[in-house]
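Student: One file: entry.cif (mmCIF, C-alpha atoms).
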data_start
#
loop_
_atom_site.group_PDB
_atom_site.id
_atom_site.type_symbol
_atom_site.label_atom_id
_atom_site.label_comp_id
_atom_site.auth_asym_id
_atom_site.auth_seq_id
_atom_site.Cartn_x
_atom_site.Cartn_y
_atom_site.Cartn_z
ATOM 1 C CA MET A 251 30.829 8.873 10.845
ATOM 2 C CA ARG A 252 27.302 7.443 10.941
ATOM 3 C CA LEU A 253 24.743 8.646 8.416
ATOM 4 C CA ARG A 254 21.806 10.433 10.019
ATOM 5 C CA LEU A 255 18.791 11.729 8.172
ATOM 6 C CA VAL A 256 17.599 13.540 11.284
ATOM 7 C CA PRO A 257 19.543 14.819 14.301
ATOM 8 C CA GLN A 258 20.213 12.293 17.052
ATOM 9 C CA GLU A 259 18.053 14.230 19.490
ATOM 10 C CA THR A 260 14.973 16.126 18.346
ATOM 11 C CA ASP A 261 12.193 17.915 20.158
ATOM 12 C CA TRP A 262 9.547 18.419 17.503
ATOM 13 C CA ASN A 263 5.953 19.091 18.436
ATOM 14 C CA PHE A 264 4.098 16.774 16.058
ATOM 15 C CA PHE A 265 0.676 17.765 17.341
ATOM 16 C CA LYS A 266 1.067 21.547 17.249
ATOM 17 C CA PHE A 267 -1.074 21.735 14.112
ATOM 18 C CA TRP A 268 -3.016 18.537 14.622
ATOM 19 C CA LYS A 269 -6.289 20.125 13.525
ATOM 20 C CA ILE A 270 -4.763 21.013 10.155
ATOM 21 C CA THR A 271 -3.030 17.672 9.557
ATOM 22 C CA PHE A 272 -5.963 15.567 10.722
ATOM 23 C CA GLY A 273 -8.394 17.768 8.802
ATOM 24 C CA ALA A 274 -6.296 17.340 5.650
ATOM 25 C CA SER A 275 -6.469 13.568 6.112
ATOM 26 C CA VAL A 276 -10.258 13.669 6.486
ATOM 27 C CA LEU A 277 -10.573 15.816 3.361
ATOM 28 C CA ALA A 278 -8.282 13.447 1.435
ATOM 29 C CA VAL A 279 -10.445 10.479 2.416
ATOM 30 C CA ILE A 280 -13.651 12.295 1.414
ATOM 31 C CA ALA A 281 -12.113 13.400 -1.908
ATOM 32 C CA SER A 282 -10.963 9.824 -2.605
ATOM 33 C CA ILE A 283 -14.448 8.447 -1.976
ATOM 34 C CA VAL A 284 -15.964 11.093 -4.271
ATOM 35 C CA LEU A 285 -13.422 10.260 -6.992
ATOM 36 C CA PHE A 286 -14.177 6.554 -6.640
ATOM 37 C CA PHE A 287 -17.899 7.044 -7.237
ATOM 38 C CA THR A 288 -17.587 9.750 -9.907
ATOM 39 C CA VAL A 289 -14.413 9.027 -11.899
ATOM 40 C CA GLY A 290 -13.931 5.397 -10.886
ATOM 41 C CA LEU A 291 -10.948 3.097 -11.165
ATOM 42 C CA ASN A 292 -9.241 2.211 -14.420
ATOM 43 C CA LEU A 293 -9.735 -1.522 -13.876
ATOM 44 C CA GLY A 294 -7.297 -3.864 -15.568
ATOM 45 C CA ILE A 295 -7.884 -7.177 -17.298
ATOM 46 C CA ASP A 296 -7.969 -9.085 -13.998
ATOM 47 C CA PHE A 297 -11.182 -7.297 -13.012
ATOM 48 C CA LEU A 298 -12.750 -6.574 -16.405
ATOM 49 C CA GLY A 299 -12.119 -9.994 -17.902
ATOM 50 C CA GLY A 300 -10.111 -10.695 -21.032
ATOM 51 C CA THR A 301 -7.816 -13.126 -22.804
ATOM 52 C CA THR A 302 -4.305 -14.308 -21.962
ATOM 53 C CA ILE A 303 -2.100 -15.505 -24.824
ATOM 54 C CA ARG A 304 1.191 -17.293 -24.205
ATOM 55 C CA THR A 305 3.746 -16.958 -26.988
ATOM 56 C CA GLU A 306 7.028 -18.706 -27.682
ATOM 57 C CA SER A 307 9.828 -17.901 -30.091
ATOM 58 C CA PRO A 308 13.514 -18.715 -30.707
ATOM 59 C CA ALA A 309 14.173 -14.974 -30.957
ATOM 60 C CA ALA A 310 14.376 -12.728 -27.920
ATOM 61 C CA VAL A 311 11.171 -11.044 -26.735
ATOM 62 C CA ASP A 312 10.969 -7.313 -27.442
ATOM 63 C CA VAL A 313 8.108 -6.070 -25.276
ATOM 64 C CA GLY A 314 8.207 -2.580 -26.791
ATOM 65 C CA GLU A 315 7.862 -3.812 -30.381
ATOM 66 C CA TYR A 316 5.117 -6.258 -29.392
ATOM 67 C CA ARG A 317 3.168 -3.437 -27.737
ATOM 68 C CA SER A 318 3.612 -1.120 -30.724
ATOM 69 C CA ALA A 319 2.375 -3.812 -33.116
ATOM 70 C CA LEU A 320 -0.778 -4.444 -31.083
ATOM 71 C CA ALA A 321 -1.515 -0.779 -30.345
ATOM 72 C CA GLU A 322 -2.757 -0.291 -33.908
ATOM 73 C CA LEU A 323 -5.421 -3.006 -33.536
ATOM 74 C CA GLY A 324 -7.563 -1.013 -31.095
ATOM 75 C CA LEU A 325 -7.971 -3.865 -28.612
ATOM 76 C CA GLY A 326 -8.084 -1.641 -25.526
ATOM 77 C CA ASP A 327 -5.928 -2.470 -22.519
ATOM 78 C CA VAL A 328 -3.094 -4.798 -23.555
ATOM 79 C CA ALA A 329 -0.443 -5.995 -21.068
ATOM 80 C CA ILE A 330 2.704 -7.759 -22.290
ATOM 81 C CA THR A 331 5.217 -9.434 -19.991
ATOM 82 C CA GLU A 332 8.244 -11.598 -20.658
ATOM 83 C CA VAL A 333 8.206 -14.903 -18.790
ATOM 84 C CA PHE A 334 11.461 -16.055 -17.209
ATOM 85 C CA ASP A 335 12.048 -19.627 -16.063
ATOM 86 C CA PRO A 336 15.386 -21.363 -15.315
ATOM 87 C CA SER A 337 14.074 -24.479 -17.056
ATOM 88 C CA PHE A 338 13.715 -22.687 -20.393
ATOM 89 C CA GLY A 339 16.330 -23.416 -23.027
ATOM 90 C CA PRO A 340 18.172 -20.734 -25.022
ATOM 91 C CA ASP A 341 15.598 -20.986 -27.825
ATOM 92 C CA GLU A 342 12.588 -20.733 -25.516
ATOM 93 C CA ASN A 343 11.689 -17.073 -25.259
ATOM 94 C CA VAL A 344 8.236 -16.873 -23.727
ATOM 95 C CA ALA A 345 5.924 -13.881 -23.395
ATOM 96 C CA GLN A 346 2.426 -13.403 -22.009
ATOM 97 C CA VAL A 347 -0.032 -11.105 -23.775
ATOM 98 C CA ARG A 348 -3.198 -10.093 -21.903
ATOM 99 C CA ILE A 349 -6.017 -8.403 -23.800
ATOM 100 C CA GLN A 350 -9.048 -6.906 -22.063
ATOM 101 C CA ALA A 351 -12.533 -8.296 -22.727
ATOM 102 C CA GLN A 352 -13.990 -6.892 -25.910
ATOM 103 C CA GLU A 353 -17.306 -5.062 -25.740
ATOM 104 C CA GLY A 354 -20.272 -7.350 -26.390
ATOM 105 C CA GLU A 355 -18.130 -10.506 -26.448
ATOM 106 C CA GLU A 356 -17.761 -13.201 -23.775
ATOM 107 C CA ALA A 357 -14.266 -14.026 -25.048
ATOM 108 C CA ILE A 358 -11.993 -12.852 -27.831
ATOM 109 C CA THR A 359 -12.922 -14.377 -31.185
ATOM 110 C CA GLU A 360 -10.707 -16.666 -33.228
ATOM 111 C CA GLN A 361 -10.602 -14.017 -35.924
ATOM 112 C CA LYS A 362 -9.129 -11.463 -33.519
ATOM 113 C CA ILE A 363 -6.652 -14.027 -32.197
ATOM 114 C CA ALA A 364 -5.512 -14.594 -35.782
ATOM 115 C CA THR A 365 -5.222 -10.827 -36.239
ATOM 116 C CA VAL A 366 -3.082 -10.545 -33.094
ATOM 117 C CA GLU A 367 -0.892 -13.420 -34.250
ATOM 118 C CA ALA A 368 -0.409 -11.846 -37.688
ATOM 119 C CA ALA A 369 0.548 -8.503 -36.111
ATOM 120 C CA LEU A 370 3.142 -10.137 -33.861
ATOM 121 C CA GLN A 371 4.526 -12.228 -36.714
ATOM 122 C CA GLU A 372 5.372 -9.003 -38.521
ATOM 123 C CA VAL A 373 7.673 -8.237 -35.608
ATOM 124 C CA ASN A 374 8.873 -11.808 -35.096
ATOM 125 C CA PRO A 375 8.057 -14.260 -37.931
ATOM 126 C CA GLU A 376 8.965 -17.265 -35.772
ATOM 127 C CA ILE A 377 6.526 -16.485 -32.967
ATOM 128 C CA ARG A 378 3.833 -19.024 -32.165
ATOM 129 C CA PHE A 379 0.947 -19.169 -29.700
ATOM 130 C CA THR A 380 1.232 -22.039 -27.226
ATOM 131 C CA SER A 381 -1.951 -21.329 -25.244
ATOM 132 C CA VAL A 382 -4.960 -19.021 -25.275
ATOM 133 C CA GLU A 383 -7.120 -18.611 -22.140
ATOM 134 C CA SER A 384 -10.077 -16.304 -21.557
ATOM 135 C CA VAL A 385 -11.402 -14.805 -18.317
ATOM 136 C CA GLY A 386 -15.112 -14.082 -18.494
ATOM 137 C CA PRO A 387 -17.083 -11.423 -16.624
ATOM 138 C CA GLU A 388 -18.217 -13.937 -13.985
ATOM 139 C CA VAL A 389 -14.654 -14.899 -13.038
ATOM 140 C CA SER A 390 -13.493 -11.286 -13.042
ATOM 141 C CA GLY A 391 -16.422 -10.420 -10.743
ATOM 142 C CA GLU A 392 -15.288 -13.137 -8.346
ATOM 143 C CA LEU A 393 -11.774 -11.677 -8.392
ATOM 144 C CA ILE A 394 -13.127 -8.259 -7.421
ATOM 145 C CA TRP A 395 -15.090 -9.739 -4.531
ATOM 146 C CA ASP A 396 -12.102 -11.822 -3.377
ATOM 147 C CA ALA A 397 -9.899 -8.717 -3.475
ATOM 148 C CA VAL A 398 -12.364 -6.753 -1.331
ATOM 149 C CA LEU A 399 -12.652 -9.627 1.145
ATOM 150 C CA SER A 400 -8.869 -9.953 1.405
ATOM 151 C CA VAL A 401 -8.468 -6.276 2.315
ATOM 152 C CA LEU A 402 -11.353 -6.415 4.826
ATOM 153 C CA ALA A 403 -9.937 -9.600 6.390
ATOM 154 C CA VAL A 404 -6.567 -7.917 6.884
ATOM 155 C CA MET A 405 -8.252 -4.914 8.510
ATOM 156 C CA GLY A 406 -10.186 -7.186 10.883
ATOM 157 C CA ALA A 407 -7.075 -9.162 11.792
ATOM 158 C CA VAL A 408 -5.169 -5.948 12.505
ATOM 159 C CA LEU A 409 -8.000 -4.683 14.717
ATOM 160 C CA VAL A 410 -7.926 -7.855 16.829
ATOM 161 C CA TYR A 411 -4.118 -8.032 16.947
ATOM 162 C CA VAL A 412 -3.571 -4.450 18.094
ATOM 163 C CA TRP A 413 -6.488 -4.676 20.539
ATOM 164 C CA LEU A 414 -4.988 -7.766 22.181
ATOM 165 C CA ARG A 415 -1.472 -6.341 22.223
ATOM 166 C CA PHE A 416 -2.358 -2.859 23.455
ATOM 167 C CA GLU A 417 -5.716 -1.321 24.398
ATOM 168 C CA TRP A 418 -8.770 -0.523 22.321
ATOM 169 C CA GLN A 419 -7.703 3.113 21.880
ATOM 170 C CA PHE A 420 -4.495 1.976 20.160
ATOM 171 C CA SER A 421 -6.486 -0.428 17.988
ATOM 172 C CA VAL A 422 -8.889 2.268 16.803
ATOM 173 C CA GLY A 423 -5.997 4.571 15.900
ATOM 174 C CA ALA A 424 -4.102 1.849 14.011
ATOM 175 C CA VAL A 425 -7.103 0.657 12.005
ATOM 176 C CA ALA A 426 -8.162 4.234 11.201
ATOM 177 C CA ALA A 427 -4.663 4.869 9.822
ATOM 178 C CA LEU A 428 -4.831 1.718 7.679
ATOM 179 C CA ILE A 429 -8.276 2.590 6.317
ATOM 180 C CA HIS A 430 -6.964 6.090 5.565
ATOM 181 C CA ASP A 431 -3.981 4.641 3.652
ATOM 182 C CA VAL A 432 -6.079 2.244 1.568
ATOM 183 C CA ILE A 433 -8.783 4.783 0.664
ATOM 184 C CA VAL A 434 -6.332 7.562 -0.215
ATOM 185 C CA THR A 435 -4.260 5.154 -2.338
ATOM 186 C CA ILE A 436 -7.389 4.108 -4.232
ATOM 187 C CA GLY A 437 -8.215 7.792 -4.622
ATOM 188 C CA ILE A 438 -4.868 8.608 -6.219
ATOM 189 C CA PHE A 439 -5.395 5.744 -8.691
ATOM 190 C CA CYS A 440 -8.823 7.167 -9.542
ATOM 191 C CA LEU A 441 -7.351 10.642 -9.994
ATOM 192 C CA LEU A 442 -4.441 9.556 -12.221
ATOM 193 C CA GLN A 443 -6.419 6.764 -13.945
ATOM 194 C CA LEU A 444 -3.573 4.301 -13.522
ATOM 195 C CA PRO A 445 -4.402 0.647 -14.344
ATOM 196 C CA PHE A 446 -5.789 -1.113 -11.277
ATOM 197 C CA ASP A 447 -5.293 -4.888 -11.259
ATOM 198 C CA LEU A 448 -4.437 -7.719 -8.866
ATOM 199 C CA SER A 449 -0.858 -6.494 -8.503
ATOM 200 C CA ILE A 450 -2.230 -3.262 -7.006
ATOM 201 C CA ILE A 451 -4.253 -5.312 -4.509
ATOM 202 C CA ALA A 452 -0.975 -6.987 -3.537
ATOM 203 C CA ALA A 453 0.547 -3.516 -3.162
ATOM 204 C CA LEU A 454 -2.357 -2.402 -0.947
ATOM 205 C CA LEU A 455 -1.855 -5.386 1.361
ATOM 206 C CA THR A 456 1.878 -4.666 1.479
ATOM 207 C CA ILE A 457 1.147 -1.031 2.312
ATOM 208 C CA VAL A 458 -1.134 -2.177 5.138
ATOM 209 C CA GLY A 459 1.672 -4.325 6.540
ATOM 210 C CA TYR A 460 4.253 -1.550 6.262
ATOM 211 C CA SER A 461 1.993 1.064 7.818
ATOM 212 C CA LEU A 462 1.015 -1.283 10.636
ATOM 213 C CA ASN A 463 4.657 -2.057 11.387
ATOM 214 C CA ASP A 464 5.461 1.651 11.568
ATOM 215 C CA THR A 465 2.454 2.318 13.797
ATOM 216 C CA VAL A 466 3.227 -0.571 16.149
ATOM 217 C CA VAL A 467 6.826 0.633 16.571
ATOM 218 C CA VAL A 468 5.529 4.047 17.659
ATOM 219 C CA PHE A 469 2.839 2.538 19.905
ATOM 220 C CA ASP A 470 5.378 0.229 21.545
ATOM 221 C CA ARG A 471 7.478 3.239 22.493
ATOM 222 C CA VAL A 472 4.369 5.068 23.752
ATOM 223 C CA ARG A 473 3.436 2.103 25.943
ATOM 224 C CA GLU A 474 6.989 1.860 27.248
ATOM 225 C CA ASN A 475 7.035 5.552 28.126
ATOM 226 C CA LEU A 476 3.595 5.296 29.761
ATOM 227 C CA ARG A 477 5.165 2.938 32.287
ATOM 228 C CA LYS A 478 8.329 4.987 32.594
ATOM 229 C CA PHE A 479 6.881 8.497 32.942
ATOM 230 C CA LYS A 480 3.796 8.051 35.086
ATOM 231 C CA THR A 481 2.858 11.700 35.502
ATOM 232 C CA MET A 482 3.933 13.159 32.156
ATOM 233 C CA PRO A 483 1.005 14.663 30.188
ATOM 234 C CA LEU A 484 -0.082 12.427 27.335
ATOM 235 C CA ARG A 485 0.622 14.963 24.606
ATOM 236 C CA GLN A 486 4.176 15.532 25.843
ATOM 237 C CA LEU A 487 4.717 11.794 26.240
ATOM 238 C CA MET A 488 3.569 11.051 22.693
ATOM 239 C CA ASN A 489 5.787 13.779 21.272
ATOM 240 C CA LEU A 490 8.692 12.266 23.194
ATOM 241 C CA SER A 491 7.912 8.793 21.803
ATOM 242 C CA LEU A 492 7.661 10.055 18.230
ATOM 243 C CA ASN A 493 10.937 11.950 18.523
ATOM 244 C CA GLU A 494 12.647 8.858 19.923
ATOM 245 C CA THR A 495 11.497 6.722 16.973
ATOM 246 C CA LEU A 496 11.922 9.436 14.329
ATOM 247 C CA SER A 497 15.426 8.416 13.288
ATOM 248 C CA ARG A 498 14.359 4.786 12.803
ATOM 249 C CA THR A 499 11.258 5.804 10.842
ATOM 250 C CA ALA A 500 13.168 8.202 8.577
ATOM 251 C CA MET A 501 15.953 5.725 7.823
ATOM 252 C CA THR A 502 13.555 2.846 7.113
ATOM 253 C CA SER A 503 11.361 4.922 4.815
ATOM 254 C CA PHE A 504 14.335 6.506 3.032
ATOM 255 C CA THR A 505 16.139 3.245 2.265
ATOM 256 C CA THR A 506 12.899 1.585 1.129
ATOM 257 C CA LEU A 507 12.117 4.522 -1.156
ATOM 258 C CA ILE A 508 15.586 4.340 -2.750
ATOM 259 C CA ALA A 509 14.945 0.744 -3.834
ATOM 260 C CA LEU A 510 11.395 1.513 -5.013
ATOM 261 C CA ILE A 511 12.406 4.583 -7.016
ATOM 262 C CA ALA A 512 15.117 2.532 -8.746
ATOM 263 C CA LEU A 513 12.515 -0.110 -9.608
ATOM 264 C CA TYR A 514 10.096 2.552 -10.857
ATOM 265 C CA ILE A 515 12.709 4.059 -13.193
ATOM 266 C CA LEU A 516 14.402 0.870 -14.373
ATOM 267 C CA GLY A 517 11.770 -1.821 -13.860
ATOM 268 C CA GLY A 518 9.707 -1.120 -16.958
ATOM 269 C CA ASP A 519 5.979 -0.810 -17.550
ATOM 270 C CA VAL A 520 5.109 -4.253 -16.213
ATOM 271 C CA ILE A 521 5.688 -3.418 -12.544
ATOM 272 C CA ARG A 522 5.411 0.377 -12.697
ATOM 273 C CA GLY A 523 1.870 0.494 -11.308
ATOM 274 C CA PHE A 524 2.765 -1.812 -8.434
ATOM 275 C CA VAL A 525 5.903 0.184 -7.594
ATOM 276 C CA PHE A 526 4.044 3.506 -7.800
ATOM 277 C CA ALA A 527 1.474 2.186 -5.319
ATOM 278 C CA MET A 528 4.288 1.103 -2.999
ATOM 279 C CA ILE A 529 6.057 4.479 -3.193
ATOM 280 C CA TRP A 530 2.822 6.316 -2.467
ATOM 281 C CA GLY A 531 2.030 3.836 0.313
ATOM 282 C CA ILE A 532 5.382 4.345 2.046
ATOM 283 C CA VAL A 533 4.866 8.110 2.092
ATOM 284 C CA ILE A 534 1.209 8.062 3.165
ATOM 285 C CA GLY A 535 1.796 5.192 5.613
ATOM 286 C CA THR A 536 4.563 7.063 7.407
ATOM 287 C CA TYR A 537 2.367 10.168 7.539
ATOM 288 C CA SER A 538 -0.692 8.330 8.882
ATOM 289 C CA SER A 539 1.280 6.547 11.606
ATOM 290 C CA VAL A 540 1.865 9.936 13.208
ATOM 291 C CA PHE A 541 -0.873 12.290 12.118
ATOM 292 C CA VAL A 542 -3.793 9.855 11.992
ATOM 293 C CA ALA A 543 -3.061 7.003 14.409
ATOM 294 C CA GLY A 544 -1.216 9.272 16.852
ATOM 295 C CA THR A 545 -3.825 12.015 16.766
ATOM 296 C CA ILE A 546 -6.705 9.591 17.371
ATOM 297 C CA LEU A 547 -4.860 7.999 20.288
ATOM 298 C CA LEU A 548 -4.193 11.440 21.735
ATOM 299 C CA ARG A 549 -7.856 12.442 21.505
ATOM 300 C CA LEU A 550 -9.178 9.169 22.935
ATOM 301 C CA GLY A 551 -6.711 9.048 25.813
ATOM 302 C CA VAL A 552 -5.222 5.899 27.363
ATOM 303 C CA LYS A 553 -5.146 4.105 30.698
ATOM 304 C CA ARG A 554 -1.961 3.802 32.693
ATOM 305 C CA ASP A 555 -1.481 0.734 34.845
ATOM 306 C CA TRP A 556 0.446 1.846 37.893
ATOM 307 C CA SER A 557 2.828 -0.741 39.290
ATOM 308 C CA LYS A 558 3.930 -0.673 42.943
ATOM 309 C CA GLU A 559 7.162 -2.477 42.168
ATOM 310 C CA LYS A 560 7.931 0.300 39.683
ATOM 311 C CA GLY A 561 7.540 2.853 42.420
ATOM 312 C CA GLY A 562 4.054 4.088 41.555
ATOM 313 C CA ASP A 563 1.593 4.885 44.288
ATOM 314 C CA SER A 564 -1.470 5.882 42.264
ATOM 315 C CA PRO A 565 -4.462 3.599 41.794
ATOM 316 C CA ALA A 566 -4.361 1.146 38.899
ATOM 317 C CA GLY A 567 -6.221 1.953 35.751
ATOM 318 C CA THR A 568 -6.168 5.739 36.136
ATOM 319 C CA GLN A 569 -7.630 7.295 32.981
ATOM 320 C CA PHE A 570 -5.624 9.991 31.247
ATOM 321 C CA THR A 571 -7.799 11.788 28.761
ATOM 322 C CA SER A 572 -6.686 14.015 25.921
ATOM 323 C CA THR A 573 -7.742 17.293 27.489
ATOM 324 C CA ASP A 574 -4.078 18.328 27.537
ATOM 325 C CA ALA A 575 -4.005 18.168 23.709
#
Starting from the coordinates I provided, produce the structure as structure tokens.

Tutor:
Amino acid sequence: MRLRLVPQETDWNFFKFWKITFGASVLAVIASIVLFFTVGLNLGIDFLGGTTIRTESPAAVDVGEYRSALAELGLGDVAITEVFDPSFGPDENVAQVRIQAQEGEEAITEQKIATVEAALQEVNPEIRFTSVESVGPEVSGELIWDAVLSVLAVMGAVLVYVWLRFEWQFSVGAVAALIHDVIVTIGIFCLLQLPFDLSIIAALLTIVGYSLNDTVVVFDRVRENLRKFKTMPLRQLMNLSLNETLSRTAMTSFTTLIALIALYILGGDVIRGFVFAMIWGIVIGTYSSVFVAGTILLRLGVKRDWSKEKGGDSPAGTQFTSTDA
């Protein structure tokens, strides 16, 4: 017996309450923008600047004990990760300690580095620092700008890709859904004050890719049905397309969420922010593919290219508006 998360055949009206769902999306975007400018993001070391210390020890790395030892020093945001490399020997246990930029200082002082080393040596007397590197405000500012440019570049590429593959109405709907996903994800990070670093930028770009894939699958079925059902009202046709792809969407999202939830629970603090962003992105991306991209396409309307060899006898390029929505 095959596992099904939804019945094989469904007839759900996804646009019955489109004013409520689309309005909720608009309000979420507005609230996220307000949170960004009032509360702001809890920027991590990558964007605020700071110091990265690489440690090495014959004894195994205990991230929890390292973090507890440094918490008492009042250094602000401290990130500790264990470094794995197949080339390391059994006595090479490497960790990376990242400390945010200290107020009024370009880089962490030698005195504070010595204090950090002494605190860690209480946990592991054999620990030694193999390298110390600092990221100043200028470099962190460049990272912020590069992150913004990367997200904007992806949005522009998506706009061109969907426009070339479909029509401009599809492109507007897809890009609006992606912008919605990115802004609302940033908003939830502002609300919960979760650390926001380069790994979250990577998560945002992954969310964009996932959401776009989901949207394109739906749009492909819409385009296919536009050719197949030449006189079907657009709203009915889009509901049909969404119901036909619902099983695929539900199964893909469900299986992806299983893996992400396992990572969130068992993966530890190092990747928890990244995984949280991915979980939120899967949920909001699936939602926006239907209730943002689909609603915008429905309101803009599309053109149907009638083909004589397909049996159509209406003029090419007939415009079907969304008045039936």

Student: On this structure, which residues satisfy the PyMOL selection byres ((chain A and resi 538-548) around 6), written as a PyMOL selection string?

Tutor: chain A and resi 419+423-424+427+465+535-537+549-551+572

Student: Kindly give the distance, in Å, that separates CA of Phe469 (chain A) and CA of Ile508 (chain A), rounded to a single decimal.

Tutor: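 These two atoms are separated by 26.1 Å.
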
Student: Can you pull out every residue within 12 Å of Glu474 (chain A), counting all atoms listed in the file, but drop anything in the same chain fewer than 6 positions away, and send it as a list in words?

Tutor: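 Answer for this query is Phe416, Val466, Val467, Val468, Lys480, Leu487, Met488, Leu490, Ser491, Glu494, Arg554 and Asp555 of chain A.
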
Student: Expand the PyMOL selection byres ((chain A and resi 323) around 12) into the explicit residue set it covers here, and present it as a list in words.

Tutor: Tyr316, Arg317, Ser318, Ala319, Leu320, Ala321, Glu322, Gly324, Leu325, Gly326, Asp327, Val328, Ile349, Lys362, Ile363, Ala364, Thr365, Val366, Glu367, Ala368, Ala369 and Leu370 of chain A

Student: With region 510-519 of chain A as the partner and 10 Å as the cut-off, tabulate the residues of region 323-345 of chain A that qualify, each row holding the nearest pair of atoms and their distance in Å to one decimal, using all atoms listed in the file, sorted by chain and rising number, as JSON lines.

Tutor:
{"residue": "A:Ala329", "atom": "CA", "partner": "A:Asp519", "partner_atom": "CA", "distance": 9.0}
{"residue": "A:Ile330", "atom": "CA", "partner": "A:Asp519", "partner_atom": "CA", "distance": 9.0}
{"residue": "A:Thr331", "atom": "CA", "partner": "A:Asp519", "partner_atom": "CA", "distance": 9.0}

Student: If I take CA of Asp296 (chain A) and CA of Asp447 (chain A), how far is one from the other in Å, to one decimal?

Tutor: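 Taking CA of Asp296 (chain A) as the start and CA of Asp447 (chain A) as the end point, the length is 5.7 Å.
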
Student: Determine the residue membership of the PyMOL selection byres ((chain A and resi 282) around 9) for the file above and supply it as a PyMOL selection string.

Tutor: chain A and resi 277-281+283-287+433-438+440-441

Student: Calculate how many Å separate CA of Ser384 (chain A) from CA of Thr359 (chain A), rounding to one decimal.

Tutor: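 Value for the CA of Ser384 (chain A)-CA of Thr359 (chain A) distance: 10.2 Å.
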
Student: Could you give me, as a PyMOL selection string, the residues that sit within 8 Å of (5.4, -16.9, -27.9) in the file's coordinates, counting all atoms listed in the file?

Tutor: chain A and resi 304-307+343-346+377-380

Student: Return the single residue from A:Pro375, A:Ile457, A:Val525, A:Asp341 that is closest to His430 (chain A), with distances computed using all atoms listed in the file.

Tutor: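 Closest candidate: A:Ile457.
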